[in-house]
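The next block holds one structure in the form of structure tokens; read it before the comments.
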Amino acid sequence: MQTVRLKVAFAGVIGGLSGLWLLSLAPDPWQQGFWETRATLVYGCGVLALGLMSVGVILAARPVWFETPLGGLDKFYRLHRWLGISALGFALAHWLLREGPSWITESVWSRSRRSRRTRKKTPPWASICFVI
């Protein structure tokens with residue numbers, strides 16, 4: 001019974017943040033082209049990641065008024081952990097949606113131009129290893 005409250009609180013946070021993001025969209029955001037839809041998803045993942053991190057920071061302050069209805073400190077910590085993992089997932093999705101198309105175009109461009117000097121840039125896998 002206690003985990004039901006935890007799941008409802010987690011779904012409420014995700015649903016509330018998603019609802020606020022959907023209210024901020026243009027009247028018809030999904031009928032545009034690929035790049036506009038991608039930009040909408042990038043913003044959405046960013047809003048969810050930032051919102052989940054903000055709620056996690058509020059939970060780190062351990063407000064007593066929220067601890068009791070949730071079912072104790074252990075459930076409170078579990079919700080904090082779920083929010084952190086979800087925030088990391090949305091932040092990673094935001095980053096991949098933002099950088100993914102440029103990686104694809106760079107790989108196609110570099111295949112067509114073999115004689116071009118290699119660029120001195122941090123490879124994408126190095127950033128992923130840094131996050132992990």
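Ligands are numbered from 1 in the order shown, residues from 1 within each chain, and chains are lettered A, B, ... in the order they appear in the structure tokens.
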
Skip Arg78 of chain A itself and residues of its chain fewer than 5 positions away, then list as a PyMOL selection string all residues within 12 Å of it, counting only C-alpha atoms.
-> chain A and resi 2-3+5-7+9-10+56+59-60+67+70-73+83-85

Put those residues in a file: N, CA, C and O atoms, as a PDB file, in the first residue's frame.
```
ATOM      1  N   GLN A   2       1.998   1.201   0.691  1.00  0.00           N
ATOM      2  CA  GLN A   2       2.860   2.371   0.767  1.00  0.00           C
ATOM      3  C   GLN A   2       3.509   2.688  -0.586  1.00  0.00           C
ATOM      4  O   GLN A   2       3.725   3.838  -0.899  1.00  0.00           O
ATOM      5  N   THR A   3       3.831   1.641  -1.357  1.00  0.00           N
ATOM      6  CA  THR A   3       4.466   1.910  -2.647  1.00  0.00           C
ATOM      7  C   THR A   3       3.475   2.517  -3.636  1.00  0.00           C
ATOM      8  O   THR A   3       3.900   3.157  -4.595  1.00  0.00           O
ATOM      9  N   ARG A   5       1.416   4.940  -2.913  1.00  0.00           N
ATOM     10  CA  ARG A   5       1.560   6.379  -2.700  1.00  0.00           C
ATOM     11  C   ARG A   5       2.812   6.911  -3.385  1.00  0.00           C
ATOM     12  O   ARG A   5       2.814   8.001  -3.940  1.00  0.00           O
ATOM     13  N   LEU A   6       3.868   6.128  -3.310  1.00  0.00           N
ATOM     14  CA  LEU A   6       5.137   6.521  -3.922  1.00  0.00           C
ATOM     15  C   LEU A   6       4.995   6.609  -5.440  1.00  0.00           C
ATOM     16  O   LEU A   6       5.446   7.576  -6.064  1.00  0.00           O
ATOM     17  N   LYS A   7       4.351   5.617  -6.028  1.00  0.00           N
ATOM     18  CA  LYS A   7       4.158   5.612  -7.475  1.00  0.00           C
ATOM     19  C   LYS A   7       3.229   6.729  -7.924  1.00  0.00           C
ATOM     20  O   LYS A   7       3.440   7.338  -8.975  1.00  0.00           O
ATOM     21  N   ALA A   9       2.875   9.621  -6.378  1.00  0.00           N
ATOM     22  CA  ALA A   9       3.647  10.865  -6.263  1.00  0.00           C
ATOM     23  C   ALA A   9       4.602  11.021  -7.436  1.00  0.00           C
ATOM     24  O   ALA A   9       4.725  12.109  -8.017  1.00  0.00           O
ATOM     25  N   PHE A  10       5.274   9.935  -7.813  1.00  0.00           N
ATOM     26  CA  PHE A  10       6.205   9.981  -8.948  1.00  0.00           C
ATOM     27  C   PHE A  10       5.458  10.282 -10.244  1.00  0.00           C
ATOM     28  O   PHE A  10       5.878  11.139 -11.030  1.00  0.00           O
ATOM     29  N   GLY A  56      13.851  17.072  -7.021  1.00  0.00           N
ATOM     30  CA  GLY A  56      14.818  16.296  -6.240  1.00  0.00           C
ATOM     31  C   GLY A  56      15.574  17.159  -5.240  1.00  0.00           C
ATOM     32  O   GLY A  56      15.840  16.730  -4.112  1.00  0.00           O
ATOM     33  N   LEU A  59      13.277  17.844  -2.417  1.00  0.00           N
ATOM     34  CA  LEU A  59      13.196  16.667  -1.547  1.00  0.00           C
ATOM     35  C   LEU A  59      14.459  16.483  -0.717  1.00  0.00           C
ATOM     36  O   LEU A  59      14.414  15.898   0.365  1.00  0.00           O
ATOM     37  N   ALA A  60      15.598  16.947  -1.222  1.00  0.00           N
ATOM     38  CA  ALA A  60      16.838  16.821  -0.456  1.00  0.00           C
ATOM     39  C   ALA A  60      16.795  17.650   0.822  1.00  0.00           C
ATOM     40  O   ALA A  60      17.530  17.366   1.767  1.00  0.00           O
ATOM     41  N   GLU A  67       7.045  14.111   4.060  1.00  0.00           N
ATOM     42  CA  GLU A  67       7.582  12.813   4.465  1.00  0.00           C
ATOM     43  C   GLU A  67       6.498  11.912   5.052  1.00  0.00           C
ATOM     44  O   GLU A  67       6.430  10.725   4.743  1.00  0.00           O
ATOM     45  N   LEU A  70       3.935  10.372   2.526  1.00  0.00           N
ATOM     46  CA  LEU A  70       4.592   9.445   1.614  1.00  0.00           C
ATOM     47  C   LEU A  70       4.836   8.085   2.239  1.00  0.00           C
ATOM     48  O   LEU A  70       4.968   7.087   1.543  1.00  0.00           O
ATOM     49  N   GLY A  71       4.904   8.028   3.563  1.00  0.00           N
ATOM     50  CA  GLY A  71       5.043   6.743   4.227  1.00  0.00           C
ATOM     51  C   GLY A  71       6.368   6.526   4.925  1.00  0.00           C
ATOM     52  O   GLY A  71       6.749   5.392   5.184  1.00  0.00           O
ATOM     53  N   GLY A  72       7.096   7.566   5.212  1.00  0.00           N
ATOM     54  CA  GLY A  72       8.343   7.404   5.945  1.00  0.00           C
ATOM     55  C   GLY A  72       9.552   7.858   5.150  1.00  0.00           C
ATOM     56  O   GLY A  72       9.485   8.152   3.960  1.00  0.00           O
ATOM     57  N   LEU A  73      10.662   7.881   5.872  1.00  0.00           N
ATOM     58  CA  LEU A  73      11.897   8.388   5.283  1.00  0.00           C
ATOM     59  C   LEU A  73      12.445   7.467   4.205  1.00  0.00           C
ATOM     60  O   LEU A  73      13.024   7.931   3.219  1.00  0.00           O
ATOM     61  N   LEU A  83      13.524  10.083  -8.897  1.00  0.00           N
ATOM     62  CA  LEU A  83      13.551  11.377  -9.578  1.00  0.00           C
ATOM     63  C   LEU A  83      14.935  11.659 -10.163  1.00  0.00           C
ATOM     64  O   LEU A  83      15.048  12.170 -11.275  1.00  0.00           O
ATOM     65  N   GLY A  84      15.980  11.302  -9.429  1.00  0.00           N
ATOM     66  CA  GLY A  84      17.332  11.517  -9.931  1.00  0.00           C
ATOM     67  C   GLY A  84      17.645  10.673 -11.154  1.00  0.00           C
ATOM     68  O   GLY A  84      18.236  11.160 -12.127  1.00  0.00           O
ATOM     69  N   ILE A  85      17.257   9.413 -11.118  1.00  0.00           N
ATOM     70  CA  ILE A  85      17.499   8.526 -12.257  1.00  0.00           C
ATOM     71  C   ILE A  85      16.693   8.985 -13.470  1.00  0.00           C
ATOM     72  O   ILE A  85      17.196   9.000 -14.601  1.00  0.00           O
TER      73      ILE A  85
END
```

Which is closer to Pro63 of chain A than all the others in A:Pro29, A:Leu88, A:Leu23, A:Tyr77, using only C-alpha atoms?
->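 Selected residue with least distance to Pro63 of chain A: A:Tyr77.
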
Residues within 8 Å of Trp21 of chain A, only C-alpha atoms, excluding chain neighbours under 3 positions, as a PDB file with N, CA and C atoms, in the first residue's frame:
```
ATOM      1  N   LEU A  17       4.733  18.042 -14.670  1.00  0.00           N
ATOM      2  CA  LEU A  17       5.747  18.704 -15.501  1.00  0.00           C
ATOM      3  C   LEU A  17       5.439  18.547 -16.983  1.00  0.00           C
ATOM      4  N   SER A  18       4.974  17.371 -17.387  1.00  0.00           N
ATOM      5  CA  SER A  18       4.603  17.162 -18.799  1.00  0.00           C
ATOM      6  C   SER A  18       3.422  18.041 -19.185  1.00  0.00           C
ATOM      7  N   SER A  24       2.655  24.951 -22.766  1.00  0.00           N
ATOM      8  CA  SER A  24       3.499  26.005 -23.325  1.00  0.00           C
ATOM      9  C   SER A  24       3.736  25.857 -24.828  1.00  0.00           C
ATOM     10  N   LEU A  25       3.262  24.783 -25.425  1.00  0.00           N
ATOM     11  CA  LEU A  25       3.512  24.546 -26.846  1.00  0.00           C
ATOM     12  C   LEU A  25       2.602  25.386 -27.731  1.00  0.00           C
ATOM     13  N   GLY A  44      11.176  19.677 -24.605  1.00  0.00           N
ATOM     14  CA  GLY A  44      10.394  18.890 -23.652  1.00  0.00           C
ATOM     15  C   GLY A  44      11.266  18.049 -22.741  1.00  0.00           C
ATOM     16  N   VAL A  47      12.973  20.404 -20.273  1.00  0.00           N
ATOM     17  CA  VAL A  47      12.066  20.869 -19.223  1.00  0.00           C
ATOM     18  C   VAL A  47      11.832  19.770 -18.192  1.00  0.00           C
TER      19      VAL A  47
END
```

Nearest to Ile58 of chain A, restricted to only C-alpha atoms and choosing among A:Pro101, A:Ile14, A:Ser86, A:His80, comes out as A:His80

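Going from atom CA of Leu48 of chain A to atom CA of Leu79 of chain A covers 15.8 Å.
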
Find the residue from A:Gly89, A:Glu36, A:Gln31, A:Gly51 that sits nearest to Gly19 of chain A; use only C-alpha atoms when measuring.
-> A:Gly51

State, in Å with one decimal place, the distance from atom CA of Thr40 of chain A to atom CA of Ser54 of chain A.
->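 Going from atom CA of Thr40 of chain A over to atom CA of Ser54 of chain A covers 21.0 Å.
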
Work out how far apart atom CA of Leu97 of chain A and atom CA of Gly46 of chain A are and give it in Å to one decimal.
-> 10.2 Å
